[in-house]
Structure formats: C-alpha cells, structure tokens
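In what follows, a structure is listed as structure tokens, so that the remarks can point back to it.
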Amino acid sequence: MFQSFENWRDLIGPRLYRAFIEGDRWKLYLQGLGTTLELTVIALIFGVLLGLIVAVVRSAHDQQRIGRRNPVLSILNVLCQIYTTVIRGTPMLVQLFIWTFVIFPSQRNKVLVAFIGLGVNSGAYVAEIIRGGLMSVDAGQSEAGRSLGLNYFDTMRFIIIPQAFKAILPSLGNEFITLFKDTSLAQAIGGAEMLYYASTIGGRTFDYMPPLLGIAAMYLAVVIVFTWLQGKLERRLRESDRR
C-alpha cells in the first residue's frame, strides 16, 4: 500500500507542480478567480436592476383596471415580453457570440463584452423571479399603500418590494450560483477568467487534467461558501419575521 502511494505521488506530484507551482502559475488561477467573481457580481447587479425595471413594468401593466389601460405601458410591456422571450429562448453562448462579433466587433476588452452579455441574460431570468415575488404579495398590501396616500412607485418601493425580497431570495441565490458558473462561457470569446487560464496552462504543459480539476475545486468552494452565507441570511430574515 505504501509502495502504491509512492508511485501515485511520483506520478501526480510533478503534474501538480507544473500546473500550479512552476512559474508562479497559481497567481494566474487567483487572477482568473478575481475576474470570475467580478464578472458575476457586476453582471448580477446589472441583471437585478434591469430585471427590476422589467418586472415593475409588467406587474404595473397586469394590475391595470379593465377599461383604463395606459397605451405607453402596454407598449413597454410588449417590449419587455419580447426581451424576456428572446433572451430566455436562446443559448447564452450564442448571445455572447452576437455581442462579440455582431454588436461590438471592434471591442478588444472581451471581459467588458462578457459583462454586458451576462448581465442582459441574467436580467431576463431575474425579471421573472422578481415578477413572481411581486405577484405573490397580497393585493391588499397595495390597496393599503394607496389608502395611505402613496403613489404606485412609493407603494412598490416601501411596501411591496421589501416583502417580495424575502420570497425571491432563494431564487436570486440560485441565479447567482448559475451566473457564477456560466462565466466560464466568457472563455469562448477570449475573456480572461478561470477557464481561460486553466486552458492556457494546460496547453503549455500538455496536461489539462490538473488545471481543470483545480478550477472545478475552486468553483465548488465558492458555491459552498455562498450557499452557507445565503442560508444564514435566510435564517436571519425568518427570525425577524417571528419578532
């Protein structure tokens, strides 16, 4: 058994050294992780802002009274429906290619293009998440806000959205995790994130297994930490409801 361990060490040790230690290559993985986290956070913030706007427009349109339809709101609702349908109905990789080679063909900063592509894609899914949360709040809450003299947007901001946030938090957490893993698609357009550096190092060492297993472990570690933080936040919100 000890002999088998020594054979395994002699076989795997040099591969790990070339993949992570030689030439300070571990710094490239950390650099890629930083870019990946930056991509995820900025794209999610952009997606949440875009999704919130779309969700509010669609919710406002659905809550209009019969016979009192606002034509401008109807046009905006149609545009929002087209946006969510197109984005959710096409693969993210295809969207990234369109952003890179059709819309911004002369843009050399591929990470910036990935920010836009991932954010627009995330916004369509976040819009439906937020809209579902807004629709789950009892209609009496909106009527109570109106009775207090609040307009529609103040009612949404101070009454409806805070209550909906608790309902959509798990789904938003899942969207963050999905977006974090989907940042690996940025490698296809030349974005320098974790998979980009792992592929580069694998090409230099002619050994792809250690770099790919290494970044897989890094992805898993970040997801575990974020899931733990999300669970703590959800428990804290549940405790505040019982007070």
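Residues in the structure tokens are named by chain (A, B, ... in the order shown) and by number from 1 within that chain; ligands are numbered from 1 in the order shown.
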
At a cut-off of 12 Å, can you tabulate as JSON lines every residue of region 36-131 of chain A near region 219-231 of chain A together with its closest atom pair and the distance in Å to one decimal, using only C-alpha atoms and ordering rows by chain then number?
```
{"residue": "A:Thr36", "atom": "CA", "partner": "A:Tyr219", "partner_atom": "CA", "distance": 9.7}
{"residue": "A:Leu37", "atom": "CA", "partner": "A:Val222", "partner_atom": "CA", "distance": 9.3}
{"residue": "A:Thr40", "atom": "CA", "partner": "A:Val222", "partner_atom": "CA", "distance": 11.8}
```

Next on the checklist: I'd like the neighbourhood of Phe165 (chain A) as an MDAnalysis selection string, where a residue qualifies if any of its atoms comes within 12 Å (using only C-alpha atoms), though same-chain residues fewer than 2 positions away should be ignored.
Outcome noted: chainID A and resid 48 52 126 129:137 156:163 167:173 233:234 237

How about saving the chosen residues, N, CA, C and O atoms kept, as a short mmCIF file (atom, residue, chain, number, x, y, z; two decimals), in the first residue's frame?
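selection-v2.cif written:
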```
data_model
loop_
_atom_site.label_atom_id
_atom_site.label_comp_id
_atom_site.auth_asym_id
_atom_site.auth_seq_id
_atom_site.Cartn_x
_atom_site.Cartn_y
_atom_site.Cartn_z
N VAL A 48 -30.08 42.48 -11.96
CA VAL A 48 -31.13 42.78 -10.98
C VAL A 48 -31.78 44.13 -11.29
O VAL A 48 -33.02 44.25 -11.24
N LEU A 52 -35.51 44.27 -12.39
CA LEU A 52 -36.46 45.01 -11.55
C LEU A 52 -37.31 45.94 -12.40
O LEU A 52 -38.53 46.04 -12.21
N VAL A 126 -33.96 37.19 -13.92
CA VAL A 126 -34.26 37.91 -12.68
C VAL A 126 -35.61 38.62 -12.78
O VAL A 126 -36.34 38.71 -11.79
N ILE A 129 -38.19 36.21 -11.90
CA ILE A 129 -38.10 35.90 -10.47
C ILE A 129 -38.75 37.01 -9.65
O ILE A 129 -39.57 36.76 -8.75
N ILE A 130 -38.40 38.26 -9.96
CA ILE A 130 -38.94 39.39 -9.22
C ILE A 130 -40.44 39.53 -9.48
O ILE A 130 -41.22 39.81 -8.56
N ARG A 131 -40.86 39.35 -10.72
CA ARG A 131 -42.29 39.47 -11.03
C ARG A 131 -43.10 38.44 -10.26
O ARG A 131 -44.18 38.73 -9.75
N GLY A 132 -42.56 37.21 -10.17
CA GLY A 132 -43.25 36.19 -9.38
C GLY A 132 -43.34 36.59 -7.91
O GLY A 132 -44.37 36.36 -7.25
N GLY A 133 -42.26 37.20 -7.39
CA GLY A 133 -42.28 37.65 -6.00
C GLY A 133 -43.27 38.77 -5.78
O GLY A 133 -43.98 38.80 -4.76
N LEU A 134 -43.32 39.71 -6.72
CA LEU A 134 -44.27 40.83 -6.59
C LEU A 134 -45.71 40.35 -6.65
O LEU A 134 -46.57 40.82 -5.89
N MET A 135 -45.98 39.40 -7.54
CA MET A 135 -47.34 38.88 -7.66
C MET A 135 -47.74 38.04 -6.46
O MET A 135 -48.94 37.83 -6.22
N SER A 136 -46.76 37.53 -5.69
CA SER A 136 -47.08 36.70 -4.53
C SER A 136 -47.52 37.52 -3.33
O SER A 136 -48.11 36.98 -2.39
N VAL A 137 -47.23 38.83 -3.33
CA VAL A 137 -47.63 39.70 -2.22
C VAL A 137 -49.13 39.96 -2.34
O VAL A 137 -49.64 40.25 -3.42
N MET A 156 -44.64 50.39 -4.20
CA MET A 156 -43.75 49.30 -4.57
C MET A 156 -42.46 49.35 -3.77
O MET A 156 -41.98 48.32 -3.29
N ARG A 157 -41.90 50.56 -3.63
CA ARG A 157 -40.59 50.69 -3.01
C ARG A 157 -40.63 50.43 -1.51
O ARG A 157 -39.73 49.78 -0.96
N PHE A 158 -41.66 50.91 -0.82
CA PHE A 158 -41.68 50.83 0.65
C PHE A 158 -42.48 49.65 1.20
O PHE A 158 -42.26 49.25 2.34
N ILE A 159 -43.39 49.10 0.40
CA ILE A 159 -44.27 48.05 0.94
C ILE A 159 -44.10 46.73 0.20
O ILE A 159 -43.84 45.69 0.82
N ILE A 160 -44.24 46.75 -1.13
CA ILE A 160 -44.31 45.50 -1.88
C ILE A 160 -42.94 44.86 -2.04
O ILE A 160 -42.74 43.68 -1.74
N ILE A 161 -41.96 45.63 -2.54
CA ILE A 161 -40.63 45.06 -2.84
C ILE A 161 -39.95 44.49 -1.58
O ILE A 161 -39.38 43.38 -1.65
N PRO A 162 -39.97 45.18 -0.42
CA PRO A 162 -39.35 44.56 0.77
C PRO A 162 -39.96 43.21 1.14
O PRO A 162 -39.25 42.30 1.58
N GLN A 163 -41.28 43.07 0.98
CA GLN A 163 -41.91 41.79 1.29
C GLN A 163 -41.58 40.74 0.23
O GLN A 163 -41.36 39.57 0.55
N ALA A 167 -39.29 36.50 -0.37
CA ALA A 167 -39.79 35.35 -1.13
C ALA A 167 -38.86 34.96 -2.27
O ALA A 167 -38.77 33.78 -2.62
N ILE A 168 -38.17 35.95 -2.85
CA ILE A 168 -37.36 35.67 -4.03
C ILE A 168 -35.89 35.43 -3.68
O ILE A 168 -35.11 35.10 -4.58
N LEU A 169 -35.52 35.59 -2.40
CA LEU A 169 -34.11 35.44 -2.03
C LEU A 169 -33.53 34.10 -2.43
O LEU A 169 -32.43 34.04 -3.01
N PRO A 170 -34.20 32.96 -2.17
CA PRO A 170 -33.61 31.68 -2.61
C PRO A 170 -33.41 31.60 -4.11
O PRO A 170 -32.39 31.09 -4.58
N SER A 171 -34.37 32.12 -4.88
CA SER A 171 -34.24 32.08 -6.34
C SER A 171 -33.12 33.00 -6.82
O SER A 171 -32.40 32.67 -7.76
N LEU A 172 -32.97 34.15 -6.17
CA LEU A 172 -31.86 35.04 -6.53
C LEU A 172 -30.52 34.40 -6.20
O LEU A 172 -29.55 34.56 -6.94
N GLY A 173 -30.47 33.67 -5.09
CA GLY A 173 -29.25 32.95 -4.75
C GLY A 173 -28.90 31.90 -5.79
O GLY A 173 -27.74 31.75 -6.18
N LEU A 233 -28.42 34.22 5.87
CA LEU A 233 -29.28 35.37 5.62
C LEU A 233 -30.75 34.98 5.66
O LEU A 233 -31.58 35.71 6.24
N GLU A 234 -31.09 33.84 5.09
CA GLU A 234 -32.48 33.39 5.11
C GLU A 234 -32.94 33.11 6.54
O GLU A 234 -34.07 33.46 6.92
N LEU A 237 -33.60 36.42 8.27
CA LEU A 237 -34.87 37.02 7.85
C LEU A 237 -36.06 36.30 8.47
O LEU A 237 -37.06 36.94 8.84
#
```

Checklist entry - Closest to Tyr197 (chain A) among A:Phe46, A:Tyr29, A:Trp99, A:Phe115, using only C-alpha atoms? => result A:Tyr29

Next on the checklist: So, with only C-alpha atoms as the atoms that count, which of A:Ala186, A:Lys166, A:Gly89, A:Leu73 lies closest to Lys110 (chain A)?
Outcome noted: A:Ala186

Next on the checklist: Taking only C-alpha atoms into account, name the residue in A:Ser199, A:Thr84, A:Thr205, A:Thr183 that is nearest to Val111 (chain A).
Outcome noted: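 Looking at the shortest contact to Val111 (chain A), the residue is A:Thr183.
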
Checklist entry - Mind pulling up the distance from CA of Ile42 (chain A) to CA of Phe97 (chain A)? => result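 Straight-line distance from CA of Phe97 (chain A) to CA of Ile42 (chain A) works out to 19.6 Å.
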
Could you name the residues that touch Tyr152 (chain A) at 12 Å or less, counting only C-alpha atoms, but leaving out those on the same chain fewer than 2 positions away, as a PDB file with N, CA and C atoms, in the first residue's frame?
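The resulting selection-v6.pdb:
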```
ATOM      1  N   VAL A  56     -41.313  45.455 -12.774  1.00  0.00           N
ATOM      2  CA  VAL A  56     -42.243  46.515 -12.352  1.00  0.00           C
ATOM      3  C   VAL A  56     -43.152  46.919 -13.507  1.00  0.00           C
ATOM      4  N   VAL A  57     -42.578  47.043 -14.711  1.00  0.00           N
ATOM      5  CA  VAL A  57     -43.393  47.409 -15.877  1.00  0.00           C
ATOM      6  C   VAL A  57     -44.466  46.350 -16.134  1.00  0.00           C
ATOM      7  N   SER A  59     -45.642  44.059 -14.045  1.00  0.00           N
ATOM      8  CA  SER A  59     -46.602  43.981 -12.936  1.00  0.00           C
ATOM      9  C   SER A  59     -47.588  45.143 -12.986  1.00  0.00           C
ATOM     10  N   ALA A  60     -47.074  46.338 -13.288  1.00  0.00           N
ATOM     11  CA  ALA A  60     -47.951  47.504 -13.387  1.00  0.00           C
ATOM     12  C   ALA A  60     -48.965  47.319 -14.517  1.00  0.00           C
ATOM     13  N   HIS A  61     -48.528  46.750 -15.623  1.00  0.00           N
ATOM     14  CA  HIS A  61     -49.448  46.515 -16.743  1.00  0.00           C
ATOM     15  C   HIS A  61     -50.520  45.501 -16.366  1.00  0.00           C
ATOM     16  N   GLN A  63     -51.713  44.855 -13.482  1.00  0.00           N
ATOM     17  CA  GLN A  63     -52.592  45.325 -12.417  1.00  0.00           C
ATOM     18  C   GLN A  63     -53.495  46.478 -12.845  1.00  0.00           C
ATOM     19  N   GLN A  64     -53.441  46.856 -14.113  1.00  0.00           N
ATOM     20  CA  GLN A  64     -54.320  47.921 -14.591  1.00  0.00           C
ATOM     21  C   GLN A  64     -55.778  47.454 -14.569  1.00  0.00           C
ATOM     22  N   GLN A 141     -52.034  44.634   0.248  1.00  0.00           N
ATOM     23  CA  GLN A 141     -50.895  45.470   0.616  1.00  0.00           C
ATOM     24  C   GLN A 141     -50.812  46.712  -0.275  1.00  0.00           C
ATOM     25  N   SER A 142     -51.075  46.526  -1.564  1.00  0.00           N
ATOM     26  CA  SER A 142     -51.073  47.670  -2.489  1.00  0.00           C
ATOM     27  C   SER A 142     -52.211  48.629  -2.152  1.00  0.00           C
ATOM     28  N   GLU A 143     -53.376  48.087  -1.859  1.00  0.00           N
ATOM     29  CA  GLU A 143     -54.509  48.930  -1.513  1.00  0.00           C
ATOM     30  C   GLU A 143     -54.246  49.692  -0.223  1.00  0.00           C
ATOM     31  N   ALA A 144     -53.559  49.057   0.734  1.00  0.00           N
ATOM     32  CA  ALA A 144     -53.228  49.749   1.981  1.00  0.00           C
ATOM     33  C   ALA A 144     -52.276  50.911   1.715  1.00  0.00           C
ATOM     34  N   GLY A 145     -51.316  50.699   0.816  1.00  0.00           N
ATOM     35  CA  GLY A 145     -50.395  51.773   0.466  1.00  0.00           C
ATOM     36  C   GLY A 145     -51.105  52.936  -0.198  1.00  0.00           C
ATOM     37  N   ARG A 146     -52.031  52.624  -1.086  1.00  0.00           N
ATOM     38  CA  ARG A 146     -52.790  53.682  -1.752  1.00  0.00           C
ATOM     39  C   ARG A 146     -53.632  54.451  -0.749  1.00  0.00           C
ATOM     40  N   SER A 147     -54.203  53.738   0.228  1.00  0.00           N
ATOM     41  CA  SER A 147     -55.038  54.403   1.237  1.00  0.00           C
ATOM     42  C   SER A 147     -54.223  55.334   2.121  1.00  0.00           C
ATOM     43  N   LEU A 148     -52.923  55.077   2.218  1.00  0.00           N
ATOM     44  CA  LEU A 148     -52.045  55.950   2.994  1.00  0.00           C
ATOM     45  C   LEU A 148     -51.556  57.154   2.179  1.00  0.00           C
ATOM     46  N   GLY A 149     -51.981  57.234   0.926  1.00  0.00           N
ATOM     47  CA  GLY A 149     -51.606  58.364   0.086  1.00  0.00           C
ATOM     48  C   GLY A 149     -50.342  58.159  -0.714  1.00  0.00           C
ATOM     49  N   LEU A 150     -49.836  56.932  -0.754  1.00  0.00           N
ATOM     50  CA  LEU A 150     -48.629  56.648  -1.525  1.00  0.00           C
ATOM     51  C   LEU A 150     -48.993  56.407  -2.982  1.00  0.00           C
ATOM     52  N   ASP A 154     -44.009  54.535  -4.903  1.00  0.00           N
ATOM     53  CA  ASP A 154     -43.688  54.542  -3.469  1.00  0.00           C
ATOM     54  C   ASP A 154     -44.260  53.305  -2.780  1.00  0.00           C
ATOM     55  N   THR A 155     -45.438  52.887  -3.211  1.00  0.00           N
ATOM     56  CA  THR A 155     -46.019  51.661  -2.657  1.00  0.00           C
ATOM     57  C   THR A 155     -45.139  50.458  -2.964  1.00  0.00           C
ATOM     58  N   MET A 156     -44.645  50.395  -4.199  1.00  0.00           N
ATOM     59  CA  MET A 156     -43.753  49.301  -4.572  1.00  0.00           C
ATOM     60  C   MET A 156     -42.457  49.350  -3.773  1.00  0.00           C
ATOM     61  N   ARG A 157     -41.903  50.559  -3.630  1.00  0.00           N
ATOM     62  CA  ARG A 157     -40.592  50.689  -3.005  1.00  0.00           C
ATOM     63  C   ARG A 157     -40.633  50.426  -1.506  1.00  0.00           C
ATOM     64  N   PHE A 158     -41.660  50.910  -0.816  1.00  0.00           N
ATOM     65  CA  PHE A 158     -41.678  50.833   0.645  1.00  0.00           C
ATOM     66  C   PHE A 158     -42.476  49.648   1.197  1.00  0.00           C
ATOM     67  N   ILE A 159     -43.387  49.096   0.402  1.00  0.00           N
ATOM     68  CA  ILE A 159     -44.267  48.055   0.936  1.00  0.00           C
ATOM     69  C   ILE A 159     -44.101  46.733   0.199  1.00  0.00           C
ATOM     70  N   ILE A 160     -44.240  46.755  -1.125  1.00  0.00           N
ATOM     71  CA  ILE A 160     -44.308  45.501  -1.884  1.00  0.00           C
ATOM     72  C   ILE A 160     -42.938  44.863  -2.043  1.00  0.00           C
ATOM     73  N   ILE A 161     -41.955  45.629  -2.543  1.00  0.00           N
ATOM     74  CA  ILE A 161     -40.631  45.059  -2.838  1.00  0.00           C
ATOM     75  C   ILE A 161     -39.955  44.488  -1.584  1.00  0.00           C
TER      76      ILE A 161
END
```

Item to check | Of the listed residues A:Ile75, A:Leu39, A:Leu213, A:Ile189, that which approaches Pro105 (chain A) most closely, counting only C-alpha atoms | outcome: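 For Pro105 (chain A), the nearest of the given residues is A:Ile189.
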